[in-house]
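Scroll down for the structure; my scribbles are underneath it.
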Amino acid sequence: MTKFVGRRGTLGVAFEVTRGTPVTPVMWIPWAQLSFSDKIESAAEDQGFGNIADQDSFYVTLTKGEGDVDAQLYDQAIPYILGSLLGAVPVTTGSNPYTHTFTLSQTNQAKTLSLYWTDPDRNYMFPMAVVDSLQISVQPLGIVEYTIGFKSKSARNWGTVTPVFTTLGAKFLHQHTVFKLAANVAALTASSAISLKEANLTISRDVIHDAVMGTVEPEDVLSQTISVEGDVTLNLQDDTYRNYMLAGTYRAMEFGFSASASSSLDFRFPRVSFSEWEPDYTLNEIAKQKINFKANYDSANALDIISTAIVINTKTSY
């Protein structure tokens, strides 16, 4: 076995054609932190045997893959994450640049991924991987970062696959951030972008391993509900956001990144509520404010909690 630094490990991903049937990776995701690995559920033999020992035996009752990956946001990698998170691969239109449009699927069996891990000592494939959560974070002077939570079946040994990092696309930076609020979705396009100091967005799917009797592996990996929440920090110049909180005001929200005409990511949320407004009066700094938000289903207009999720890049299809 080899001693090696962690950065020699690489993570590959691909959409599965059939749920749980592994496929060779087609996209490689550079990562900064990684906790995704094999995990277990267990049961202990803790009956009394006339002895003070608290346990006699240990049984593995479920094997699974689970954990997080921290990375920087590239326009050609994010559609694999969104396809699993929102339930289906995108519909692609246009001609270089291509527009990849995602629709929130109402299925609880989201599109699955194969996750491939390779390092100097091992080649592992995790089938039936589903995105449990996506957190996007942006700060001034920084690169856009995201954390992906995955759940999957346990790893299988796999053949060696050589990573390729020549097709990642464009990287999103803090200056590419677009954040808008408006009375409704139709008004977002004409609205002015709002200057932010920090932004965090989390989309969660409450994914579970579907454990059944007769096997130590989950039968399926299921997405349950979807929730969208986050917070933004900006200079304290008026009481607009405080008043949104106090009055229970809803707004349509746009959040995303636009690096160029051929590189963008755009989310639109039709009905966002606001809570936990916090002013920051640090003595020797410009006063700031932080407001938490949460997206809601827009039943009056039959708009999903995420009404728009579009990636524009130079990749032909997914």
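Ligands are numbered from 1 in the order shown, chains are lettered A, B, ... in the order of the structure tokens, and residues start at 1 in each chain.
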With region 237-256 of chain A as the partner and 8 Å as the cut-off, tabulate the residues of region 103-212 of chain A that qualify, each row holding the nearest pair of atoms and their distance in Å to one decimal, using only C-alpha atoms, sorted by chain and rising number, as a tab-separated table.
residue	atom	partner	partner_atom	distance
A:Thr177	CA	A:Gly256	CA	5.8
A:Val178	CA	A:Gly256	CA	5.2
A:Phe179	CA	A:Phe255	CA	4.7
A:Lys180	CA	A:Glu254	CA	5.0
A:Leu181	CA	A:Met253	CA	4.7
A:Ala182	CA	A:Ala252	CA	5.2
A:Ala183	CA	A:Arg251	CA	5.3
A:Asn184	CA	A:Ala252	CA	4.9
A:Val185	CA	A:Ala252	CA	5.5
A:Leu188	CA	A:Glu254	CA	6.9
Could you write out the selected residues, including N, CA and C atoms, as a compact mmCIF listing (two decimals), in the first residue's frame?
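again.txt written:
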# COMPACT_ATOMS: atom_id res chain seq x y z
N THR A 177 -21.86 37.12 -9.18
CA THR A 177 -23.10 36.91 -8.44
C THR A 177 -24.20 37.84 -8.91
N VAL A 178 -25.40 37.28 -9.05
CA VAL A 178 -26.61 38.05 -9.38
C VAL A 178 -27.66 37.75 -8.32
N PHE A 179 -28.14 38.81 -7.66
CA PHE A 179 -29.18 38.66 -6.63
C PHE A 179 -30.22 39.75 -6.85
N LYS A 180 -31.48 39.33 -7.01
CA LYS A 180 -32.56 40.28 -7.26
C LYS A 180 -33.79 39.90 -6.43
N LEU A 181 -34.60 40.91 -6.12
CA LEU A 181 -35.91 40.71 -5.51
C LEU A 181 -36.93 41.52 -6.29
N ALA A 182 -38.15 41.00 -6.38
CA ALA A 182 -39.22 41.71 -7.09
C ALA A 182 -40.56 41.24 -6.54
N ALA A 183 -41.62 41.94 -6.93
CA ALA A 183 -42.97 41.59 -6.46
C ALA A 183 -43.41 40.23 -6.98
N ASN A 184 -42.93 39.85 -8.17
CA ASN A 184 -43.29 38.56 -8.74
C ASN A 184 -42.20 38.12 -9.71
N VAL A 185 -42.30 36.89 -10.20
CA VAL A 185 -41.27 36.34 -11.07
C VAL A 185 -41.12 37.15 -12.35
N LEU A 188 -38.72 40.12 -12.19
CA LEU A 188 -37.31 39.93 -11.84
C LEU A 188 -36.37 40.37 -12.95
Give the helix (DSSP H, G or I) residues of region 35-240 of chain A, as assigned by DSSP on the backbone, as a list in words.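 In region 35-240 of chain A, DSSP puts these residues in helix (DSSP H, G or I): Ile78, Pro79, Tyr80, Ile81, Leu82, Gly83, Ser84, Leu85, Leu86, His174, Gln175, His176, Val185, Ala186, Ala187 and Thr240 of chain A.
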If you count only C-alpha atoms, which residues fall within 12 Å of Ser114 (chain A), apart from same-chain ones fewer than 4 positions away, as a PyMOL selection string? chain A and resi 11-28+65+80-81+84+124-131+150-156+158
Export of the given selection (C-alpha atoms) as a PDB file, in the first residue's frame:
ATOM      1  CA  LEU A  11     -13.823  12.101  -7.776  1.00  0.00           C
ATOM      2  CA  GLY A  12     -15.729  11.245 -10.963  1.00  0.00           C
ATOM      3  CA  VAL A  13     -19.460  11.350 -11.668  1.00  0.00           C
ATOM      4  CA  ALA A  14     -21.968  10.264 -14.311  1.00  0.00           C
ATOM      5  CA  PHE A  15     -25.735   9.920 -14.637  1.00  0.00           C
ATOM      6  CA  GLU A  16     -26.918   6.321 -14.405  1.00  0.00           C
ATOM      7  CA  VAL A  17     -29.087   5.004 -17.230  1.00  0.00           C
ATOM      8  CA  THR A  18     -30.632   2.408 -14.901  1.00  0.00           C
ATOM      9  CA  ARG A  19     -30.953   3.143 -11.185  1.00  0.00           C
ATOM     10  CA  GLY A  20     -28.160   1.442  -9.282  1.00  0.00           C
ATOM     11  CA  THR A  21     -26.300   0.172 -12.347  1.00  0.00           C
ATOM     12  CA  PRO A  22     -22.833   1.784 -12.274  1.00  0.00           C
ATOM     13  CA  VAL A  23     -21.467   3.648 -15.276  1.00  0.00           C
ATOM     14  CA  THR A  24     -17.995   4.999 -16.001  1.00  0.00           C
ATOM     15  CA  PRO A  25     -17.500   8.635 -14.915  1.00  0.00           C
ATOM     16  CA  VAL A  26     -17.753  11.314 -17.575  1.00  0.00           C
ATOM     17  CA  MET A  27     -17.061  14.394 -15.407  1.00  0.00           C
ATOM     18  CA  TRP A  28     -14.338  14.913 -12.810  1.00  0.00           C
ATOM     19  CA  GLY A  65     -22.291   5.420   1.115  1.00  0.00           C
ATOM     20  CA  TYR A  80     -24.872  16.639 -12.701  1.00  0.00           C
ATOM     21  CA  ILE A  81     -25.599  17.816  -9.178  1.00  0.00           C
ATOM     22  CA  SER A  84     -30.036  14.466  -9.064  1.00  0.00           C
ATOM     23  CA  TYR A 124     -14.198   2.484  -5.810  1.00  0.00           C
ATOM     24  CA  MET A 125     -17.579   2.922  -7.459  1.00  0.00           C
ATOM     25  CA  PHE A 126     -20.607   4.047  -5.411  1.00  0.00           C
ATOM     26  CA  PRO A 127     -23.808   3.264  -7.354  1.00  0.00           C
ATOM     27  CA  MET A 128     -27.275   4.758  -6.872  1.00  0.00           C
ATOM     28  CA  ALA A 129     -25.933   8.042  -5.495  1.00  0.00           C
ATOM     29  CA  VAL A 130     -28.478  10.784  -4.874  1.00  0.00           C
ATOM     30  CA  VAL A 131     -27.791  14.397  -3.921  1.00  0.00           C
ATOM     31  CA  PHE A 150     -24.521  12.512  -1.189  1.00  0.00           C
ATOM     32  CA  LYS A 151     -26.171   9.242  -0.177  1.00  0.00           C
ATOM     33  CA  SER A 152     -25.649   6.019  -2.113  1.00  0.00           C
ATOM     34  CA  LYS A 153     -25.204   2.287  -1.939  1.00  0.00           C
ATOM     35  CA  SER A 154     -21.876   1.045  -0.595  1.00  0.00           C
ATOM     36  CA  ALA A 155     -18.751   0.977  -2.748  1.00  0.00           C
ATOM     37  CA  ARG A 156     -17.797  -1.698  -5.271  1.00  0.00           C
ATOM     38  CA  TRP A 158     -13.858  -0.919  -9.988  1.00  0.00           C
TER      39      TRP A 158
END
Arg8 (chain A) surroundings by only C-alpha atoms, 9 Å radius, close-in-sequence under 5 positions cut, as number ranges by chain: A: 118-120
Among region 68-119 of chain A, which residues does DSSP mark as strand (DSSP E) when it is run on the backbone? Keep the chain and numbering as in the structure and answer as number ranges by chain. A: 68-72, 91-94, 98-102, 113-119
Point-to-point distance from CA of Tyr297 (chain A) to CA of Glu276 (chain A), Å rounded to tenths: 20.4 Å
Identify, on the basis of only C-alpha atoms, every residue whose closest approach to Lys294 (chain A) does not exceed 9 Å; exclude the query and any residue fewer than 3 positions from it along the same chain; express the result as an MDAnalysis selection string. chainID A and resid 227:231 271:275
Just the residues within 10 Å of Gly87 (chain A), please, counting only C-alpha atoms, with nothing from its chain fewer than 6 positions along; format it as an MDAnalysis selection string. chainID A and resid 81 102:112 130:131 205 223
